[in-house]
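The structure appears right after this line, and notes come after that.
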Amino acid sequence: MNLSVREVLDLSERCFRAAGFDPSTARAHAAAVWWAEAYRGTGLAALEDLLGPLDDADATTPTIDERESPISVLDGRGLPCPVSAVPALDLACAHADRYGNGITRVTECAVDSGEELLGALACRAAERGYVSLVLSVGGDAGSRTVLGAPAGARPAVAEATPSAPSEGYAAIDRAVRADRHRAREAPLFRVAFDGETGPDPYDATDARLLHRFLRRSVAPAPDADAGPGFVVACIDPRHPRYSGEVGRVAEDAVRDAELFDRIHSPETVGDRADRLVREGVAVDRERWREIFEFGNGVLTPPFEGSEKGAGFDLNELEG
Amino acid sequence: MNTDRQVPPFETGSLRDPSELMRPERLGALKQTRLSFGRLLVNKMVTEGWEIRIDRLSLDEEGVGRVVYAIETPSRRFSFGVFSRNSPEGEDTDRITAEDWDLWAFLCEGEASPAMMDAQREELPHVMEGRATPDVLIWTRANRSSRFFGHVVDSLAAGHQPDIDHLAAGGYLTRSSGYYGNGLNGTKMFRALDDDHPLSRPYMSQMLAAYMLRVFGYDLAEHVAAARNPDAPALDDGIKRYLGTGNSSGVGIVLYLVNHPKQLHAWLRTREVALARAKTVDPSEADLERFRSLRRRARRWFAEDDSETNRFFASKDAIAADLDRVGDRVDALAADPPDGHFWEAVCQWASEELRRETQEVLHSLLLDVRPEVCDGLEESLTVSERSDVVPGMEVATLRSRIDEGYAWALDVDFDRPEATRHFWYRSIENEEPRLGVRGEGPDEYELPADIARRVQSLQRDLDGFAPADTVAEVLVEHPEHRYVVERIQNLHGLLYAEIRGNPLDADFVPLHFIACLKAMWGIQKAHPKSKGWVRGTFFQGAPLAHELPDCEQEYWMFPPKPEPAAHWRDDR
């Protein structure tokens, strides 16, 4: 059967509402499902896989370990990773607004549930105007890196699946575990990625740092002792502290087939999304039924009042 | 003085203050205008000379069978396929999840082939699982009017026209409670329509489907009458014009308006700009004559309308009496012109002296005196609903946004138990939005219709944060506020986005919201059946299908009740 894109969004939102999320958060998660469908063709499958863990989860929010430090740290409380995705991105973006870059490290989350949806964070951040990296470890892909870069109406996105946790992920994980993320005078990029030497195509220091970060975010670190979870990093290329070269680093990287093994050009994704808008999204009827039934959890069970119709005092003519 | 025919200017400050316009009672008083969707569709059909004809018809003597209409526009063909049956009496509920209907129908692009008809016949009855194909724009289900359809058929079969006084109490032969499009049940999404698509404006597809139900209702009645009596006359064109398509709307509209604030703002601002322009046009003699003519027509319409208005709306007779006063006032001011703009003075007087509903009738008429005040505004009716949180916004800024736009919400006294008496929910029994009494049902399933309460709750929790803290920090500790924070951020500066009422209150009247949306749609004739349920009529007075290609009827609102002609009885 075919669902319209609107139905994909509505059904997904109902599922997250049924799982207890605030309407706006549920809508953000639904947008992630649509993102996975438009970019990978797997959104509804990912949602179906997520339903059981969501049903079992006893909470819908992570707790924040660090609010004041330059690097935010969220405790995912063992919940499926998408549960922490929305606040993680918000914190990273807010920090990038203020300081030029923002990083959120999410620990203790179940990355094997809904990890595919995390890529949507890079896209959403890019829609907000940030260069963004989402680094995850522990999902079906083992380790995944998604880069999003602003590119007009639709962001440019690229993905890599390093054979082990990436060097970038490992560096951030180490920095957080060593409490070095609290040092306000030493932004994480510098802590984790400064000090390297060698040829670099960019002139400005900030651009070279970002370039290093991007390269190391797709390079595997087989011996790294990195725990599961994910990292969201946002860089505001319009921030006064950065040179104009920062945006160019991301634009170059997101098209670099040597760095990324899956490149989603805005044109290709746009064509696919337009086709899905016109023709609908194919879904197995059993999958649809399972999602539909879960989403029905937003509906109120029968009670005495509900048997009286539209509402108290509403059903009869008055006065 | 501005009397030429160019689009007149307006000053931003001349738009109505939201503290007045956005009160539920005022919104409930709004009337159709030239910018209402039904009128925009008819205007387009007439201007472009659309042609509507029966492509295939296969109905038995009871009117059971299939009909396909072809709708030709200058750029595209559409089809309207109908499956007609005759439900056992008493089974028609108009409920959105009901499975028994007299009619199932769909509007699609291109031709509705026999194979497509077969496929849609299988799918349409399945409310939840049924699937349209991507070229289908609208699904709709409808019932024959138990009061009027049979009367029309009986009359025609008996060789004469129906009793117009009886028909005037309702005004339609078929009635639908919903038009499902924009992706519902797999229908084509609105955003998939090209800019030059004939139905690319909001609600145009729904309006065309409603118009086609009107067309089909007449064809069906005449077919059944002819099956009984081959000499049965056709229904008189004057009667047909006076009737329309029935509509039944309930409390779900409250949630629709609360959940589509950007649309609401766009639609209201568009008509307010037109009104502000109209007020600056000082009338010529011809304008005054046109106004007098329109006013007389409207006055007669209200005086002739016998439908019940319920205690929540002004009686039709009272509005008719008010319109007499408007006529007197305009004549007096024409004789002794006021300082400043003429229509502004009339409207100012009306706002002090007349009922809200009469004021809005006056506003509607003004837009028809000089239609060019609406030029170019149609474009602004389409808006994107996209919305996102701005996580880097500081708490101080968020607070100022609340102070600027939500003072009305902070003023609601939620310490009164009556202020939260109700909760909104969607029942598993039929998915309709409903109202429940708090404490007497599972309010953990409450739907977010409580904007004022949410704003107050947010305001309280913001006290725990420093002015320089960010929204992201607030939301990670209070994720329950994300909905209202996003709303406050995204609606900033949209004056007409928030309805300044409390849908939880014991005294809340859903009818005001319903009447507001009906005015946007273009429904003129409406009669409340209860505090939360309104029946109304689309297209009363509109040109008939065969008149569209060469229509000279420029203004069709407020149609006078047809005078019975001699041949109405002689037809037998």
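Ordering of the structure tokens sets the chain letters (A, B, ...); residue numbers start at 1 within each chain; ligands are numbered from 1 in the order shown.
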Could you pull out the alpha helix (DSSP H) residues of range 163-262 of chain B, going by DSSP on the backbone, and write them as a ChimeraX atom specification?
/B:164-168,204-228,237-242,252-259,261-262
Nearby residues (only C-alpha atoms) at most 10 Å from Asp49 in chain A, same-chain spacing under 5 positions excluded, as a list in words
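Answer for this query is Gly43, Leu44, Leu54, Asp112, Ser113, Gly114, Arg287 and Ile291 of chain A.
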Measuring between only C-alpha atoms, which one of A:Val231, A:Ala46, A:Ala158, A:Leu209 shows the shortest distance to Glu115 in chain A?
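Residue with the minimum atom-to-atom distance to Glu115 in chain A: A:Ala46.
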Shell of 8 Å around range 80-91 of chain A, only C-alpha atoms, local chain residues under 3 positions omitted, as JSON, numbers by chain:
{"A": [25, 28, 29, 50, 53, 54, 57, 60, 61, 62, 72, 74, 76, 94, 95, 102, 103, 104, 105, 106, 109, 110, 111, 112, 113, 114, 115, 117, 118, 121, 125, 229, 232], "B": [391, 392, 472, 473, 475, 476]}
Please report as a VMD selection string which residues of chain B come no farther than 7 Å from chain A, using only C-alpha atoms.
chain B and resid 134 183 to 184 186 to 189 192 310 to 311 391 to 392 425 to 429 434 to 436 441 445 470 472 to 473 476 479 to 480 482 to 483 529 to 532
Output file for the residues above (N, CA and C atoms, as a tab-separated table (two decimals), in the first residue's frame):
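Wrote part_35.tsv, looks like this:
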```tsv
chain	number	residue	atom	x	y	z
B	134	PRO	N	-2.68	8.42	-6.30
B	134	PRO	CA	-2.09	9.77	-6.20
B	134	PRO	C	-2.71	10.82	-7.12
B	183	GLY	N	-3.48	14.49	1.08
B	183	GLY	CA	-2.72	13.36	1.61
B	183	GLY	C	-3.53	12.38	2.43
B	184	LEU	N	-4.68	12.75	2.92
B	184	LEU	CA	-5.47	11.82	3.72
B	184	LEU	C	-5.90	10.66	2.83
B	186	GLY	N	-4.22	8.70	1.30
B	186	GLY	CA	-3.37	8.55	0.12
B	186	GLY	C	-3.71	9.49	-1.02
B	187	THR	N	-4.56	10.47	-0.77
B	187	THR	CA	-4.89	11.44	-1.82
B	187	THR	C	-3.68	12.32	-2.12
B	188	LYS	N	-3.78	13.04	-3.22
B	188	LYS	CA	-2.66	13.89	-3.64
B	188	LYS	C	-2.44	15.01	-2.63
B	189	MET	N	-1.19	15.26	-2.34
B	189	MET	CA	-0.91	16.31	-1.37
B	189	MET	C	-0.99	17.70	-2.01
B	192	ALA	N	1.92	19.05	-3.77
B	192	ALA	CA	2.30	18.43	-5.04
B	192	ALA	C	1.65	19.14	-6.23
B	310	ASN	N	-30.33	29.93	17.23
B	310	ASN	CA	-29.88	29.54	18.56
B	310	ASN	C	-29.46	30.79	19.35
B	311	ARG	N	-29.31	30.64	20.63
B	311	ARG	CA	-29.05	31.82	21.45
B	311	ARG	C	-27.63	32.37	21.28
B	391	PRO	N	16.49	27.27	19.49
B	391	PRO	CA	17.03	26.86	20.78
B	391	PRO	C	17.98	27.87	21.41
B	392	GLY	N	18.59	28.72	20.58
B	392	GLY	CA	19.56	29.66	21.13
B	392	GLY	C	18.92	30.94	21.69
B	425	TYR	N	-10.22	15.53	23.89
B	425	TYR	CA	-9.63	14.22	23.62
B	425	TYR	C	-10.17	13.70	22.30
B	426	ARG	N	-9.53	12.66	21.84
B	426	ARG	CA	-9.99	12.00	20.61
B	426	ARG	C	-10.36	10.58	21.02
B	427	SER	N	-11.59	10.24	20.80
B	427	SER	CA	-12.07	8.96	21.34
B	427	SER	C	-11.70	7.80	20.43
B	428	ILE	N	-11.42	6.68	21.03
B	428	ILE	CA	-11.06	5.50	20.24
B	428	ILE	C	-12.29	4.95	19.52
B	429	GLU	N	-13.47	5.36	19.98
B	429	GLU	CA	-14.68	4.81	19.37
B	429	GLU	C	-14.85	5.30	17.93
B	434	ARG	N	-13.43	15.38	20.93
B	434	ARG	CA	-14.56	15.56	21.82
B	434	ARG	C	-14.15	16.34	23.06
B	435	LEU	N	-15.15	16.76	23.79
B	435	LEU	CA	-14.94	17.44	25.06
B	435	LEU	C	-15.36	16.52	26.19
B	436	GLY	N	-14.51	16.44	27.20
B	436	GLY	CA	-14.87	15.67	28.38
B	436	GLY	C	-14.79	16.56	29.61
B	441	GLY	N	-13.04	11.54	33.36
B	441	GLY	CA	-12.52	10.77	32.23
B	441	GLY	C	-11.01	10.79	32.28
B	445	TYR	N	-5.06	11.75	28.33
B	445	TYR	CA	-5.06	11.74	26.87
B	445	TYR	C	-5.40	13.12	26.30
B	470	THR	N	19.45	29.79	27.85
B	470	THR	CA	18.85	29.60	26.52
B	470	THR	C	17.59	28.74	26.61
B	472	ALA	N	17.10	26.21	24.87
B	472	ALA	CA	17.52	24.80	24.87
B	472	ALA	C	17.68	24.29	26.29
B	473	GLU	N	18.26	25.12	27.16
B	473	GLU	CA	18.45	24.70	28.55
B	473	GLU	C	17.12	24.55	29.27
B	476	VAL	N	15.46	21.22	27.99
B	476	VAL	CA	16.02	19.94	28.41
B	476	VAL	C	15.54	19.60	29.82
B	479	PRO	N	10.83	19.49	29.02
B	479	PRO	CA	10.44	19.17	27.63
B	479	PRO	C	8.95	19.34	27.38
B	480	GLU	N	8.17	19.36	28.44
B	480	GLU	CA	6.72	19.52	28.27
B	480	GLU	C	6.35	20.90	27.74
B	482	ARG	N	7.94	22.38	25.19
B	482	ARG	CA	8.46	22.58	23.84
B	482	ARG	C	7.36	23.06	22.87
B	483	TYR	N	6.20	22.47	22.99
B	483	TYR	CA	5.10	22.84	22.09
B	483	TYR	C	4.77	24.33	22.19
B	529	LYS	N	-27.10	23.40	15.27
B	529	LYS	CA	-27.97	22.34	15.77
B	529	LYS	C	-27.74	22.13	17.25
B	530	SER	N	-26.61	22.58	17.73
B	530	SER	CA	-26.31	22.51	19.15
B	530	SER	C	-25.18	23.49	19.42
B	531	LYS	N	-24.66	23.46	20.63
B	531	LYS	CA	-23.57	24.37	20.98
B	531	LYS	C	-22.28	24.05	20.23
B	532	GLY	N	-22.20	22.84	19.68
B	532	GLY	CA	-20.97	22.45	19.01
B	532	GLY	C	-21.18	21.78	17.67
```
Find, counting only C-alpha atoms, the residue in A:Leu11, A:Ala233, A:Ala257, A:Ala36 that gets nearest to Ser132 in chain A.
A:Ala233
Atomic distance CA of Pro202 in chain B - CA of Ala112 in chain B, expressed in Å with one decimal
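Atom-to-atom, CA of Pro202 in chain B to CA of Ala112 in chain B, that is 23.5 Å.
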Test item: residues at most 10 Å from His264 in chain A, only C-alpha atoms, excluding those fewer than 5 positions along its chain, as number ranges by chain:
A: 39-40, 148, 155-159, 254-255, 269-270
Backbone-only DSSP, strand (DSSP E or B) members of range 208-322 of chain B, as a compact mmCIF listing (two decimals) with N, CA and C atoms, in the first residue's frame:
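Below is the file out13.txt, written as the result:
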```
# COMPACT_ATOMS: atom_id res chain seq x y z
N GLY B 244 -28.00 24.64 -2.36
CA GLY B 244 -26.56 24.41 -2.44
C GLY B 244 -26.20 23.01 -1.97
N THR B 245 -25.05 22.88 -1.40
CA THR B 245 -24.61 21.60 -0.83
C THR B 245 -24.59 21.72 0.68
N GLY B 246 -25.17 20.77 1.35
CA GLY B 246 -25.20 20.81 2.81
C GLY B 246 -23.85 20.46 3.41
N ASN B 247 -23.63 21.05 4.56
CA ASN B 247 -22.39 20.77 5.29
C ASN B 247 -22.72 20.59 6.76
N SER B 248 -22.03 19.68 7.38
CA SER B 248 -22.25 19.44 8.80
C SER B 248 -20.89 19.50 9.48
N SER B 249 -20.73 20.41 10.43
CA SER B 249 -19.41 20.59 11.07
C SER B 249 -19.55 20.57 12.58
```
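Candidate residues B:Gly49, B:Gly217, B:Pro9, B:Pro233 were compared for distance to Glu552 in chain B, and the nearest is B:Gly49, using only C-alpha atoms.
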Quick one: residues within 12 Å of Asp413 in chain B, only C-alpha atoms counted, chain neighbours fewer than 5 positions away excluded, as a PyMOL selection string?
chain B and resi 408+418-420+452-453+456+501-502+504-505
